[in-house]
Structure formats: C-alpha cells, structure tokens
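Data file: upload_5.txt. Format and content: compact mmCIF, C-alpha atoms.
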```txt
# COMPACT_ATOMS: atom_id res chain seq x y z
CA MET A 25 -20.71 12.14 20.09
CA GLY A 26 -19.79 11.96 16.39
CA LEU A 27 -16.56 10.82 14.80
CA LYS A 28 -15.37 14.38 14.27
CA GLU A 29 -15.91 15.25 17.94
CA ILE A 30 -13.93 12.13 18.98
CA LEU A 31 -11.01 12.96 16.69
CA PHE A 32 -11.00 16.74 17.05
CA PRO A 33 -12.44 17.61 20.47
CA ASN A 34 -10.71 20.98 20.83
CA LYS A 35 -11.24 23.63 18.19
CA GLY A 36 -10.85 27.37 18.30
CA LYS A 37 -12.94 28.91 15.54
CA ASP A 38 -15.96 26.87 14.47
CA PRO A 39 -14.83 25.11 11.28
CA GLU A 40 -18.42 24.91 10.00
CA LYS A 41 -18.62 28.70 10.00
CA LEU A 42 -15.23 28.95 8.34
CA VAL A 43 -16.26 26.58 5.57
CA GLY A 44 -19.51 28.48 5.15
CA GLU A 45 -17.64 31.66 4.27
CA TYR A 46 -16.82 32.58 0.69
CA PHE A 47 -13.73 30.85 -0.73
CA ASP A 48 -11.97 31.52 -3.99
CA ALA A 49 -10.76 28.47 -5.91
CA LEU A 50 -7.00 28.19 -5.93
CA THR A 51 -6.92 27.33 -9.64
CA ALA A 52 -9.45 26.72 -12.36
CA TYR A 53 -8.31 23.10 -12.47
CA GLN A 54 -10.14 21.00 -9.89
CA PRO A 55 -8.63 17.49 -9.82
CA VAL A 56 -11.00 14.62 -9.17
CA PHE A 57 -9.57 11.62 -7.34
CA THR A 58 -11.15 8.23 -7.81
CA SER A 59 -10.00 4.67 -7.28
CA PHE A 60 -9.64 4.09 -11.05
CA GLU A 61 -13.40 3.99 -11.59
CA GLY A 62 -13.64 1.96 -8.41
CA SER A 63 -11.66 -0.92 -9.82
CA LEU A 64 -7.95 -0.59 -8.95
CA TYR A 65 -8.39 -1.74 -5.36
CA GLU A 66 -11.05 -4.27 -6.41
CA MET A 67 -8.74 -6.15 -8.81
CA GLU A 68 -7.09 -9.12 -7.12
CA LEU A 69 -3.51 -8.56 -8.32
CA THR A 70 -3.42 -4.80 -7.80
CA ARG A 71 -5.00 -5.11 -4.36
CA SER A 72 -2.35 -7.69 -3.45
CA ALA A 73 0.39 -5.26 -4.51
CA VAL A 74 -1.17 -2.45 -2.45
CA HIS A 75 -1.73 -4.73 0.55
CA SER A 76 1.85 -6.03 0.47
CA PHE A 77 3.24 -2.49 0.39
CA ALA A 78 0.93 -1.25 3.15
CA THR A 79 1.68 -4.27 5.35
CA GLN A 80 5.42 -3.63 5.20
CA ILE A 81 4.91 0.11 5.81
CA SER A 82 2.78 -0.69 8.89
CA LYS A 83 5.94 -2.16 10.49
CA LEU A 84 7.83 1.15 10.41
CA LYS A 85 8.85 2.48 13.80
CA PRO A 86 8.32 6.21 14.43
CA GLU A 87 11.06 7.95 16.41
CA VAL A 88 10.98 11.57 17.59
CA ARG A 89 14.36 13.18 18.15
CA GLY A 90 14.92 16.25 20.28
CA SER A 91 14.41 17.12 23.94
CA GLY A 92 10.97 17.20 25.49
CA ASN A 93 9.31 15.04 22.82
CA GLN A 94 8.74 11.89 24.87
CA ALA A 95 4.94 12.26 24.94
CA LEU A 96 4.80 12.91 21.21
CA GLU A 97 6.95 9.85 20.48
CA ARG A 98 4.88 7.64 22.78
CA MET A 99 1.69 8.77 21.02
CA LEU A 100 3.17 8.10 17.57
CA GLN A 101 4.49 4.68 18.53
CA PHE A 102 1.23 3.41 20.03
CA LYS A 103 -1.92 5.38 19.11
CA PRO A 104 -1.76 8.37 16.73
CA ASN A 105 -5.52 8.96 17.04
CA PRO A 106 -8.43 7.67 19.17
CA ILE A 107 -9.58 5.06 16.62
CA GLN A 108 -6.29 3.77 15.14
CA ASP A 109 -3.12 2.31 16.57
CA THR A 110 0.19 2.99 14.83
CA SER A 111 0.04 -0.11 12.63
CA LYS A 112 -3.47 0.71 11.34
CA PHE A 113 -2.55 4.38 10.87
CA LEU A 114 0.49 3.55 8.73
CA TYR A 115 -1.37 0.83 6.81
CA ARG A 116 -4.17 3.22 5.89
CA LEU A 117 -1.72 5.95 4.91
CA ALA A 118 0.15 3.60 2.59
CA THR A 119 -3.05 2.17 1.08
CA ILE A 120 -4.51 5.58 0.23
CA TYR A 121 -1.11 6.66 -1.11
CA LYS A 122 -0.87 3.71 -3.51
CA VAL A 123 -4.51 3.64 -4.62
CA GLN A 124 -5.04 7.38 -5.10
CA ASN A 125 -1.44 8.65 -5.31
CA ASN A 126 -2.21 11.33 -2.71
CA VAL A 127 -2.94 11.28 1.01
CA PHE A 128 -3.35 14.00 3.63
CA ILE A 129 -2.41 13.92 7.32
CA VAL A 130 -4.49 16.23 9.52
CA PRO A 131 -3.18 17.10 13.00
CA ILE A 132 -5.40 16.67 16.04
CA ILE A 133 -4.89 19.84 18.08
CA GLY A 134 -5.20 19.81 21.87
CA GLU A 135 -4.54 22.36 24.56
CA ALA A 136 -0.83 21.50 24.60
CA GLY A 137 -0.45 21.41 20.81
CA ILE A 138 -0.57 18.39 18.52
CA VAL A 139 -1.98 15.35 20.32
CA GLY A 140 -2.60 13.09 17.32
CA TYR A 141 -2.73 12.62 13.55
CA TYR A 142 -5.48 11.39 11.23
CA PRO A 143 -5.25 10.30 7.55
CA ILE A 144 -7.62 11.87 5.02
CA THR A 145 -8.38 10.54 1.53
CA PRO A 146 -7.84 13.13 -1.23
CA ASP A 147 -11.37 12.79 -2.59
CA ASN A 148 -12.58 14.06 0.81
CA ALA A 149 -10.38 17.17 0.66
CA LYS A 150 -9.81 20.15 -1.58
CA PHE A 151 -7.65 23.27 -1.60
CA VAL A 152 -9.14 26.77 -1.46
CA GLU A 153 -7.83 30.29 -0.94
CA HIS A 154 -9.28 32.74 1.57
CA ASN A 155 -7.85 36.21 2.24
CA LYS A 156 -4.73 35.22 0.30
CA LYS A 157 -4.21 32.26 2.59
CA LEU A 158 -4.39 28.60 1.55
CA PHE A 159 -6.81 26.28 3.36
CA VAL A 160 -7.73 22.61 3.11
CA ILE A 161 -11.40 21.71 3.41
CA TYR A 162 -11.89 18.07 4.36
CA GLU A 163 -14.76 15.79 5.30
CA ILE A 164 -15.03 13.24 8.10
CA GLY A 165 -18.29 11.37 7.92
CA GLN A 166 -20.98 13.98 7.28
CA SER A 167 -18.99 16.84 8.82
CA ARG A 168 -16.79 19.35 7.04
CA SER A 169 -13.81 21.14 8.56
CA ALA A 170 -11.15 23.56 7.37
CA ILE A 171 -7.52 23.95 8.38
CA GLU A 172 -4.57 26.03 7.20
CA PHE A 173 -2.47 24.34 4.54
CA GLU A 174 0.80 24.73 6.46
CA LYS A 175 -0.61 22.62 9.30
CA VAL A 176 -1.48 19.68 7.02
CA GLY A 177 0.86 16.92 5.88
CA MET A 178 0.66 15.75 2.27
CA LEU A 179 2.19 12.70 0.58
CA ASN A 180 2.00 12.04 -3.15
CA GLN A 181 3.57 10.21 -6.07
CA PHE A 182 3.51 10.60 -9.88
CA GLN A 183 3.54 14.37 -9.44
CA TYR A 184 3.80 16.09 -12.82
CA ARG A 185 0.86 18.12 -14.14
CA ASN A 186 -0.23 19.76 -10.90
CA ASP A 187 1.92 21.62 -8.39
CA LEU A 188 0.14 20.05 -5.41
CA PHE A 189 -1.32 16.71 -6.47
CA GLY A 190 0.00 13.50 -7.94
CA ASP A 191 -1.51 12.23 -11.20
CA SER A 192 -4.18 9.55 -11.51
CA ASN A 193 -3.62 5.88 -12.31
CA SER A 194 -4.82 6.23 -15.91
CA ALA A 195 -1.49 4.82 -17.15
CA LEU A 196 -2.56 1.47 -15.71
CA ARG A 197 -5.94 1.53 -17.47
CA PRO A 198 -5.01 -0.76 -20.43
CA THR A 199 -3.57 -3.39 -18.10
CA LEU A 200 -6.60 -3.28 -15.79
CA GLU A 201 -8.96 -3.60 -18.75
CA LEU A 202 -7.04 -6.65 -19.98
CA MET A 203 -7.21 -8.23 -16.52
CA HIS A 204 -10.94 -7.51 -16.29
CA SER A 205 -11.60 -8.93 -19.76
CA GLN A 206 -9.55 -12.01 -18.95
CA ASN A 207 -11.52 -12.67 -15.77
CA GLU A 208 -14.83 -12.23 -17.58
CA GLY A 209 -13.65 -14.49 -20.43
CA ILE A 210 -12.79 -17.28 -17.99
CA ILE A 211 -16.18 -17.03 -16.28
CA GLU A 212 -18.11 -16.96 -19.56
CA GLY A 213 -15.99 -19.83 -20.90
CA ILE A 214 -16.92 -22.00 -17.92
CA LYS A 215 -20.61 -21.13 -18.34
CA SER A 216 -20.46 -21.82 -22.07
CA SER A 217 -18.70 -25.16 -21.70
CA ALA A 218 -21.26 -26.31 -19.15
CA SER A 219 -24.11 -26.02 -21.67
CA ILE A 220 -24.63 -28.38 -24.61
CA ARG A 221 -25.84 -26.76 -27.84
CA PHE A 222 -26.83 -28.37 -31.15
CA MET A 223 -27.72 -27.22 -34.65
CA ALA A 224 -30.31 -29.28 -36.57
CA ARG A 225 -31.62 -28.92 -40.16
CA LEU A 226 -35.17 -30.04 -40.90
CA ALA A 227 -35.76 -32.21 -43.98
CA HIS A 228 -39.08 -30.52 -44.80
CA LYS A 229 -40.11 -26.92 -45.07
CA LEU A 230 -42.25 -25.90 -42.12
CA SER A 231 -43.93 -22.76 -40.87
CA ASP A 232 -42.36 -20.69 -38.12
CA ALA A 233 -44.81 -22.05 -35.58
CA ASP A 234 -44.03 -25.64 -36.54
CA VAL A 235 -40.28 -24.97 -36.43
CA LYS A 236 -40.67 -23.64 -32.89
CA LYS A 237 -42.65 -26.75 -31.86
CA GLU A 238 -40.04 -29.08 -33.39
CA ARG A 239 -37.23 -27.26 -31.57
CA GLU A 240 -38.97 -27.54 -28.23
CA LYS A 241 -39.84 -31.18 -28.86
CA PHE A 242 -36.28 -32.09 -29.90
CA THR A 243 -34.86 -30.33 -26.87
CA GLU A 244 -37.26 -32.00 -24.46
CA GLN A 245 -36.74 -35.50 -25.84
CA ASN A 246 -32.95 -35.42 -26.24
CA LEU A 247 -31.55 -32.65 -24.02
CA GLY A 248 -34.03 -32.58 -21.17
CA GLN A 249 -33.61 -34.09 -17.72
CA SER A 250 -35.78 -37.04 -18.70
CA ASN A 251 -33.05 -38.28 -21.07
CA ASN A 252 -30.48 -39.78 -18.70
CA THR A 253 -29.17 -42.38 -21.18
CA GLY A 254 -26.55 -40.19 -22.83
CA VAL A 255 -27.92 -41.25 -26.28
CA MET A 256 -29.59 -38.88 -28.73
CA MET A 257 -32.19 -40.31 -31.16
CA PHE A 258 -33.98 -38.58 -34.07
CA ASP A 259 -35.79 -39.68 -37.28
CA GLN A 260 -35.66 -38.63 -40.96
CA ARG A 261 -37.31 -35.31 -40.20
CA TYR A 262 -33.81 -34.06 -39.38
CA GLU A 263 -31.19 -34.25 -42.13
CA ASP A 264 -28.24 -33.00 -40.15
CA VAL A 265 -27.62 -32.59 -36.40
CA LYS A 266 -24.31 -31.14 -35.22
CA GLN A 267 -23.04 -30.12 -31.82
CA ILE A 268 -21.83 -26.52 -31.52
CA ILE A 269 -18.53 -26.49 -29.67
CA SER A 270 -17.71 -23.14 -28.06
CA ARG A 271 -14.06 -22.22 -27.83
CA PRO A 272 -13.84 -18.96 -25.83
CA PHE A 273 -10.71 -16.89 -26.26
CA VAL A 274 -8.47 -16.99 -23.21
CA ILE A 275 -5.16 -15.16 -22.88
CA ASP A 276 -2.28 -17.63 -22.91
CA SER A 277 0.24 -17.97 -20.09
CA ALA A 278 2.90 -15.83 -21.80
CA GLN A 279 0.51 -12.92 -22.30
CA MET A 280 -0.83 -13.30 -18.76
CA SER A 281 2.74 -13.19 -17.48
CA ASN A 282 3.26 -9.91 -19.38
CA ILE A 283 0.15 -8.47 -17.76
CA LYS A 284 1.41 -9.43 -14.30
CA GLU A 285 4.83 -7.94 -15.03
CA SER A 286 3.13 -4.67 -16.02
CA VAL A 287 1.43 -4.55 -12.62
CA TYR A 288 4.64 -5.50 -10.81
CA SER A 289 6.57 -2.77 -12.64
CA TYR A 290 3.89 -0.17 -11.89
CA PHE A 291 3.92 -0.93 -8.16
CA GLY A 292 7.65 -1.68 -7.93
CA THR A 293 7.18 -5.20 -6.61
CA ASN A 294 7.38 -8.82 -7.76
CA GLU A 295 5.74 -12.19 -7.22
CA ASN A 296 8.11 -13.24 -4.43
CA ILE A 297 7.30 -10.12 -2.44
CA LEU A 298 3.52 -10.60 -2.85
CA GLN A 299 3.67 -14.25 -1.84
CA ASN A 300 6.21 -13.72 0.98
CA LYS A 301 8.81 -15.96 -0.65
CA PHE A 302 11.58 -13.36 -0.76
CA ASN A 303 15.11 -13.72 0.57
CA SER A 304 17.19 -11.01 2.23
CA ASP A 305 18.58 -9.68 -1.06
CA GLN A 306 15.12 -9.37 -2.60
CA TRP A 307 13.81 -7.74 0.55
CA ASN A 308 16.65 -5.19 0.58
CA ALA A 309 15.98 -4.33 -3.08
CA TYR A 310 12.25 -3.87 -2.34
CA TYR A 311 13.06 -1.77 0.73
CA GLU A 312 15.44 0.48 -1.19
CA GLY A 313 13.13 0.92 -4.17
CA ALA A 314 9.67 1.10 -2.63
CA LEU A 315 9.57 1.30 1.17
CA GLU A 316 12.43 3.65 2.00
CA PRO A 317 11.30 6.47 -0.36
CA PHE A 318 7.89 6.44 1.32
CA ALA A 319 9.48 6.38 4.79
CA ILE A 320 11.69 9.37 3.90
CA GLN A 321 8.76 11.35 2.49
CA LEU A 322 6.64 10.53 5.53
CA SER A 323 9.45 11.54 7.89
CA LEU A 324 9.92 14.90 6.17
CA THR A 325 6.18 15.56 5.94
CA MET A 326 5.45 14.88 9.59
CA THR A 327 8.54 16.76 10.74
CA ASN A 328 7.55 19.88 8.80
CA MET A 329 3.91 19.79 9.92
CA THR A 330 4.82 19.18 13.58
CA PHE A 331 7.80 21.46 14.25
CA THR A 332 8.62 25.06 13.38
CA PRO A 333 11.78 25.84 11.35
CA ARG A 334 13.44 27.00 14.55
CA GLU A 335 12.59 23.75 16.36
CA ILE A 336 13.91 21.75 13.42
CA ALA A 337 17.14 23.77 13.50
CA PHE A 338 17.60 22.69 17.14
CA GLY A 339 17.45 19.01 16.21
CA ASN A 340 13.75 18.18 16.52
CA ASP A 341 12.45 15.80 13.86
CA ILE A 342 10.37 12.68 13.24
CA ILE A 343 11.82 9.68 11.42
CA PHE A 344 10.35 6.30 10.48
CA THR A 345 12.78 3.39 10.54
CA ALA A 346 12.64 -0.34 9.80
CA ASN A 347 14.73 -3.25 11.02
CA ARG A 348 16.09 -4.26 7.61
CA LEU A 349 17.93 -7.26 9.08
CA GLN A 350 14.83 -9.07 10.35
CA TYR A 351 14.50 -10.91 7.01
CA ALA A 352 18.09 -12.10 6.89
CA SER A 353 18.86 -15.75 7.52
CA ASN A 354 20.12 -16.80 10.96
CA THR A 355 23.60 -17.32 9.51
CA GLU A 356 23.62 -13.81 8.05
CA LYS A 357 22.33 -12.34 11.32
CA LEU A 358 25.02 -14.16 13.31
CA ASN A 359 27.80 -12.90 11.03
CA ILE A 360 26.49 -9.33 11.19
CA VAL A 361 26.12 -9.27 14.98
CA THR A 362 29.49 -10.95 15.52
CA GLN A 363 31.34 -8.54 13.22
CA LEU A 364 29.63 -5.34 14.38
CA PHE A 365 29.23 -5.91 18.11
CA ASP A 366 32.91 -6.08 19.05
CA ARG A 367 33.62 -3.02 16.92
CA GLY A 368 31.14 -0.86 18.81
CA PHE A 369 28.58 -0.57 16.00
CA LEU A 370 25.90 -2.53 17.90
CA THR A 371 24.80 -2.75 21.53
CA HIS A 372 23.51 -5.91 23.23
CA ASN A 373 19.93 -4.71 22.79
CA GLN A 374 20.40 -3.94 19.10
CA GLY A 375 21.86 -7.39 18.57
CA LEU A 376 18.91 -8.97 20.38
CA GLU A 377 16.46 -7.01 18.23
CA ILE A 378 18.08 -8.40 15.08
CA PHE A 379 17.19 -11.88 16.34
CA ASN A 380 13.67 -10.65 17.34
CA MET A 381 14.48 -11.25 21.01
CA ALA A 382 13.51 -9.15 24.02
CA THR A 383 15.98 -6.51 25.20
CA VAL A 384 17.65 -6.58 28.63
CA GLY A 385 17.14 -3.03 29.85
CA GLU A 386 19.58 -0.13 30.17
CA GLU A 387 22.59 -2.39 30.67
CA GLY A 388 22.04 -3.70 27.16
CA ASP A 389 22.54 -0.23 25.67
CA LYS A 390 26.26 -0.16 26.46
CA ARG A 391 28.77 -0.46 23.61
CA TYR A 392 31.85 -2.66 23.68
CA ILE A 393 34.96 -2.71 21.54
CA ARG A 394 37.90 -5.06 21.33
CA LYS A 395 40.88 -3.75 23.26
CA GLU A 396 43.49 -4.30 20.55
CA TYR A 397 41.88 -1.71 18.27
CA ALA A 398 43.58 1.70 18.20
CA GLU A 399 43.56 4.85 16.11
CA TYR A 400 46.01 4.64 13.23
CA ASP A 401 47.86 7.85 14.17
CA ASN A 402 48.43 6.56 17.71
CA LEU A 403 50.00 3.23 16.79
CA ASN A 404 53.58 4.42 17.56
CA SER A 405 52.63 5.63 21.03
CA ILE A 406 51.15 2.33 22.14
CA ASP A 407 53.34 0.15 24.36
CA ASP A 408 54.37 -3.11 22.77
CA PRO A 409 54.79 -5.72 25.52
CA GLU A 410 56.31 -8.20 23.13
CA GLY A 411 58.86 -5.66 21.96
CA GLU A 412 59.84 -4.88 25.58
CA ASP A 413 60.37 -8.57 26.26
CA GLU A 414 62.64 -8.88 23.23
CA GLU A 415 64.73 -5.90 24.35
CA ALA A 416 64.99 -7.33 27.82
```
Would you kindly transcribe this structure into structure tokens?
Amino acid sequence: MGLKEILFPNKGKDPEKLVGEYFDALTAYQPVFTSFEGSLYEMELTRSAVHSFATQISKLKPEVRGSGNQALERMLQFKPNPIQDTSKFLYRLATIYKVQNNVFIVPIIGEAGIVGYYPITPDNAKFVEHNKKLFVIYEIGQSRSAIEFEKVGMLNQFQYRNDLFGDSNSALRPTLELMHSQNEGIIEGIKSSASIRFMARLAHKLSDADVKKEREKFTEQNLGQSNNTGVMMFDQRYEDVKQIISRPFVIDSAQMSNIKESVYSYFGTNENILQNKFNSDQWNAYYEGALEPFAIQLSLTMTNMTFTPREIAFGNDIIFTANRLQYASNTEKLNIVTQLFDRGFLTHNQGLEIFNMATVGEEGDKRYIRKEYAEYDNLNSIDDPEGEDEEA
C-alpha cells in the first residue's frame, strides 16, 4: 500500500482519471515555488529562525467548538493524519509556510466526512480550471490527485502580485548572498593561512625548464616534510626570498551584526528567541507579532474548509490557542493566579495549567468568586451588618 492509499483510502471519482482530463490554466502566470534556489533552509541562521517559529507553532492547541465535534477535536489534538501527530503536523505547516510563503492543507475524506488533514508543499500543487470550476492538482510521492479548491485550506504570507499565492523570498537574496560569501571567505581564509607560500628571485637568467627544476628543488629542501628544523637555507643563486602573507577579507563584527539583524527583521524574531533566552515580555512581543497572526490565519482556514457557512453560523469553528503564561516567571504566575482566581476569571484547572501541573478533573472546572463583590447598581440593596449594629 502506497503513501497516497494510507492517507486517502476513500475516494469517490478516481483522481488519476480526473487529472488526466483536459484542464485550462487559471491564468497565464504560473508561479514557481522554490526554497530560494535550495539555500534558504540550508543557511544556518535562516534555518534557526524557521525552526524556532515552527517549534513554537507546534505547541498550539487545537480546539473545536460546537456540538457533535468531539471526534473531530480528538483527531486534531492527537493525530491529524496516519503518519503525523499534531505536533509534527503543525511544525511542518509552519516550516513550509516560512520557507515557501505558501502551504496547502488537504482534507482526508472518509465515509463520515473529514477524518484528517495533510499538509502539501506549494511546489507539489497547482491551480487549474475545469468546467468553470477551480481545482487543485497535488502530488504525494509519485501519485497525483485533484480536489476542488473550496475543500482545500491555504495559508500564505507576502501576498501582493498574485491573487492566490504569496511572493517568493527574493527580497532576502542580497542578505543570503552576503552570508554565503562570508562563510566561504572564512573557509578559504583558514585554508590559505594553513599553507606557507614564498616568492624567490633567481640571480641568474635560466630557461623555463631550469626555473621549474629550481622551484621544485627549493620547495623540497626548505618546505618539504624532510625539513623539520624550522630554518630555511639558500645560497647566492637566490637574490630575494619573501614570504607571501595572505590576508583574506572577512566581514567585521558590525557588518555581521547588520546581516543578522536583516534576517531577524525578515522573520520577525531576535537572538534571544532563537537561543531560548527570552523573558515573558519578549515572548509576549514575539507571540503578538509572529505566532498569533499565524494561529488566527490557521484557525480561519481550517474552519472554512471544515464547516459550511450554515454550520459556522451555528457556532462551529476551529481555533488554535497557546498558553501565553507558561513563559512567565513563578512570581508573575503566582500574582496572576491569585488576582484572577478569586474574581472568577480562572478555574482551579486553569490555574494548575499555568504552573504546568496536572488538572484535578471536573471539580477543578468550577469558578469561585469572593463574596464581598457585588454589582455596582445593587450596592444600595445589600444589607450592611455593621450599619445595623450601629443603629441598634
């Protein structure tokens, strides 16, 4: 059984026949998606930025709201498809999204409807039109399949020139070329400094063959392995012998810092995030600027591809949430739980989750509030025991 049969066991019309039919191109423009000539994900700094983003996204918790969606929520929270758990599914989605600026989510259809989701890279998919209806043709392994556009989820960023696709990463090309040149310069500099080179001028005019013999002889006697004294000796046949010192050009620390800042700005991150040295304020800023927009787009995309407009109107949707307080210090967590619990904002279980502790079952879902709190408009109707004692 192939990968396609494992992921998509139940199909109505044979997708191979559907793909084999005549399709009209949607537009004359056919975008080509590549991983920046195969280098964006291969560069150390850019891969670190992508990995950091995808790792944080993999922690998102999918929740399905609406009645009768327990099975769908359980599938999303544990295993969206037969070969990926939720963490791997979200990590791959985020990685493709950052590297190629586009990613597709294909539903796995079973007898009872959607039974799973699978991420597709954009270079393995294209849009076509057939009988005035839009389809997506995608590849899994060596197999090709087709599905209606309205059934597919699509995430993108840097969307400008095309109505469907996000732009390429060509804006990062100068920075990547600088990083590549810098890495090559360091390697070549190490190789160059490890070799000793000399320039010698002969005192007499010799033929080309004799010059070649003298060069080989000088090298063997003074620079060969047999000379382990560290002393070079030569006679009056050589008027001048000088060592050639190679000084390869290497970008200084200030310029290298500018290159790193360009990458950080492009990916919306910083060094503390990449090296896991961030505090709660830095984490909240990164969440607001980078993680939450992706979570919102993913929530909307999967809601629209899973439910009909009527089902959405009745309160069915899919959201991806994160515990933003897990990176706060213990003092901050204690203050938050203390202040919000007795005001009814948090339950016991929610407070335990903030401290990464196990919940205590249904009893922990109850809310408590301090008894002295009352609605402002009802203050005059509340009995004042102290006032009654004074009157007495």
Q.
Which residues are near Ile393 of chain A? Cut-off 6 Å, all atoms listed in the file, ignore same chain within fewer than 5 positions. Put them as a count of residues only.
A. 3
Considering all atoms listed in the file, return as a PyMOL selection string whatever protein or nucleic-acid residues lie within 6 Å of Met329 of chain A, sequence-local ones (same chain, fewer than 3 positions apart) excluded. chain A and resi 175+177+326
For each of A:Arg168, A:Thr110, A:Ser281, A:Gly90, take the minimum atom-to-atom distance to Glu295 of chain A, counting all atoms listed in the file, then give the residue where this is smallest.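 Checking each candidate against Glu295 of chain A, we get A:Ser281 as the closest.
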Atom CA of Val287 of chain A sits from atom CA of Thr70 of chain A at a separation of 6.8 Å
What residues have an atom no more than 9 Å from (11.5, 13.4, 9.5) in the file's own frame, counting all atoms listed in the file, and can you write them as a PDB file with C-alpha atoms, keeping the file's coordinate frame?
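result-v6.pdb written:
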```pdb
ATOM      1  CA  GLU A  87      11.060   7.950  16.410  1.00  0.00           C
ATOM      2  CA  VAL A  88      10.980  11.570  17.590  1.00  0.00           C
ATOM      3  CA  ALA A 319       9.480   6.380   4.790  1.00  0.00           C
ATOM      4  CA  ILE A 320      11.690   9.370   3.900  1.00  0.00           C
ATOM      5  CA  GLN A 321       8.760  11.350   2.490  1.00  0.00           C
ATOM      6  CA  LEU A 322       6.640  10.530   5.530  1.00  0.00           C
ATOM      7  CA  SER A 323       9.450  11.540   7.890  1.00  0.00           C
ATOM      8  CA  LEU A 324       9.920  14.900   6.170  1.00  0.00           C
ATOM      9  CA  THR A 325       6.180  15.560   5.940  1.00  0.00           C
ATOM     10  CA  MET A 326       5.450  14.880   9.590  1.00  0.00           C
ATOM     11  CA  THR A 327       8.540  16.760  10.740  1.00  0.00           C
ATOM     12  CA  ASN A 328       7.550  19.880   8.800  1.00  0.00           C
ATOM     13  CA  ASN A 340      13.750  18.180  16.520  1.00  0.00           C
ATOM     14  CA  ASP A 341      12.450  15.800  13.860  1.00  0.00           C
ATOM     15  CA  ILE A 342      10.370  12.680  13.240  1.00  0.00           C
ATOM     16  CA  ILE A 343      11.820   9.680  11.420  1.00  0.00           C
ATOM     17  CA  PHE A 344      10.350   6.300  10.480  1.00  0.00           C
TER      18      PHE A 344
END
```
Take the point (4.1, -1.3, 4.8) in the file's coordinates, draw a sphere of radius 10 Å around it, and report as a list in words every protein, DNA or RNA residue with an atom inside or on it, counting all atoms listed in the file.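 So the residues meeting the distance criterion are Val74, His75, Ser76, Phe77, Ala78, Thr79, Gln80, Ile81, Ser82, Lys83, Leu84, Ser111, Leu114, Tyr115, Arg116, Leu117, Ala118, Thr119, Tyr311, Ala314, Leu315, Phe318, Ala319 and Ala346 of chain A.
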Only C-alpha atoms, please: the residues just picked out, written as a JSON list (two decimals), in the frame of the given file.
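Generated output (out.json):
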```json
[["chain", "number", "residue", "atom", "x", "y", "z"],
["A", 74, "VAL", "CA", -1.17, -2.45, -2.45],
["A", 75, "HIS", "CA", -1.73, -4.73, 0.55],
["A", 76, "SER", "CA", 1.85, -6.03, 0.47],
["A", 77, "PHE", "CA", 3.24, -2.49, 0.39],
["A", 78, "ALA", "CA", 0.93, -1.25, 3.15],
["A", 79, "THR", "CA", 1.68, -4.27, 5.35],
["A", 80, "GLN", "CA", 5.42, -3.63, 5.20],
["A", 81, "ILE", "CA", 4.91, 0.11, 5.81],
["A", 82, "SER", "CA", 2.78, -0.69, 8.89],
["A", 83, "LYS", "CA", 5.94, -2.16, 10.49],
["A", 84, "LEU", "CA", 7.83, 1.15, 10.41],
["A", 111, "SER", "CA", 0.04, -0.11, 12.63],
["A", 114, "LEU", "CA", 0.49, 3.55, 8.73],
["A", 115, "TYR", "CA", -1.37, 0.83, 6.81],
["A", 116, "ARG", "CA", -4.17, 3.22, 5.89],
["A", 117, "LEU", "CA", -1.72, 5.95, 4.91],
["A", 118, "ALA", "CA", 0.15, 3.60, 2.59],
["A", 119, "THR", "CA", -3.05, 2.17, 1.08],
["A", 311, "TYR", "CA", 13.06, -1.77, 0.73],
["A", 314, "ALA", "CA", 9.67, 1.10, -2.63],
["A", 315, "LEU", "CA", 9.57, 1.30, 1.17],
["A", 318, "PHE", "CA", 7.89, 6.44, 1.32],
["A", 319, "ALA", "CA", 9.48, 6.38, 4.79],
["A", 346, "ALA", "CA", 12.64, -0.34, 9.80]]
```
Students should find that atom CA of Phe379 of chain A and atom CA of Lys357 of chain A are spaced 7.2 Å
- Query: Between atom CA of Leu200 of chain A and atom CA of Thr293 of chain A, what is the distance, to one decimal in Å?
  - Reply: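 Spanning atom CA of Leu200 of chain A to atom CA of Thr293 of chain A is a straight-line distance of 16.7 Å.
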Restricting to only C-alpha atoms, whichever of A:Thr330, A:Gln279, A:Gln108, A:Ser286 is closest to Val130 of chain A is A:Thr330
Rank A:Phe173, A:Phe151, A:Tyr288, A:Tyr162 by their smallest atom-to-atom distance to Leu69 of chain A, using all atoms listed in the file, and report the top residue only.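 Ranked by minimum distance to Leu69 of chain A, first place goes to A:Tyr288.
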**Item:** Nearest residue to Phe369 of chain A from the set A:Asp389, A:Lys157, A:Leu188, A:Ser91 (distances using only C-alpha atoms)
**Value:**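 Ranking A:Asp389, A:Lys157, A:Leu188, A:Ser91 by distance to Phe369 of chain A, first place goes to A:Asp389.
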- Between A:Pro317, A:Pro106, A:Gly292, A:Gly190, which has the minimum distance to Val127 of chain A (counting all atoms listed in the file)?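 Looking at the shortest contact to Val127 of chain A, the residue is A:Gly190.
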| Selected residue, from A:Thr145, A:Leu298, A:Ala195, A:Leu370, that lies nearest to Glu68 of chain A when counting all atoms listed in the file |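 Smallest separation from Glu68 of chain A among the options: A:Leu298.
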Could you give me, as a count of residues only, the residues within 12 Å of Val384 of chain A, counting all atoms listed in the file and dropping anything in the same chain fewer than 3 positions from it?
-> 12
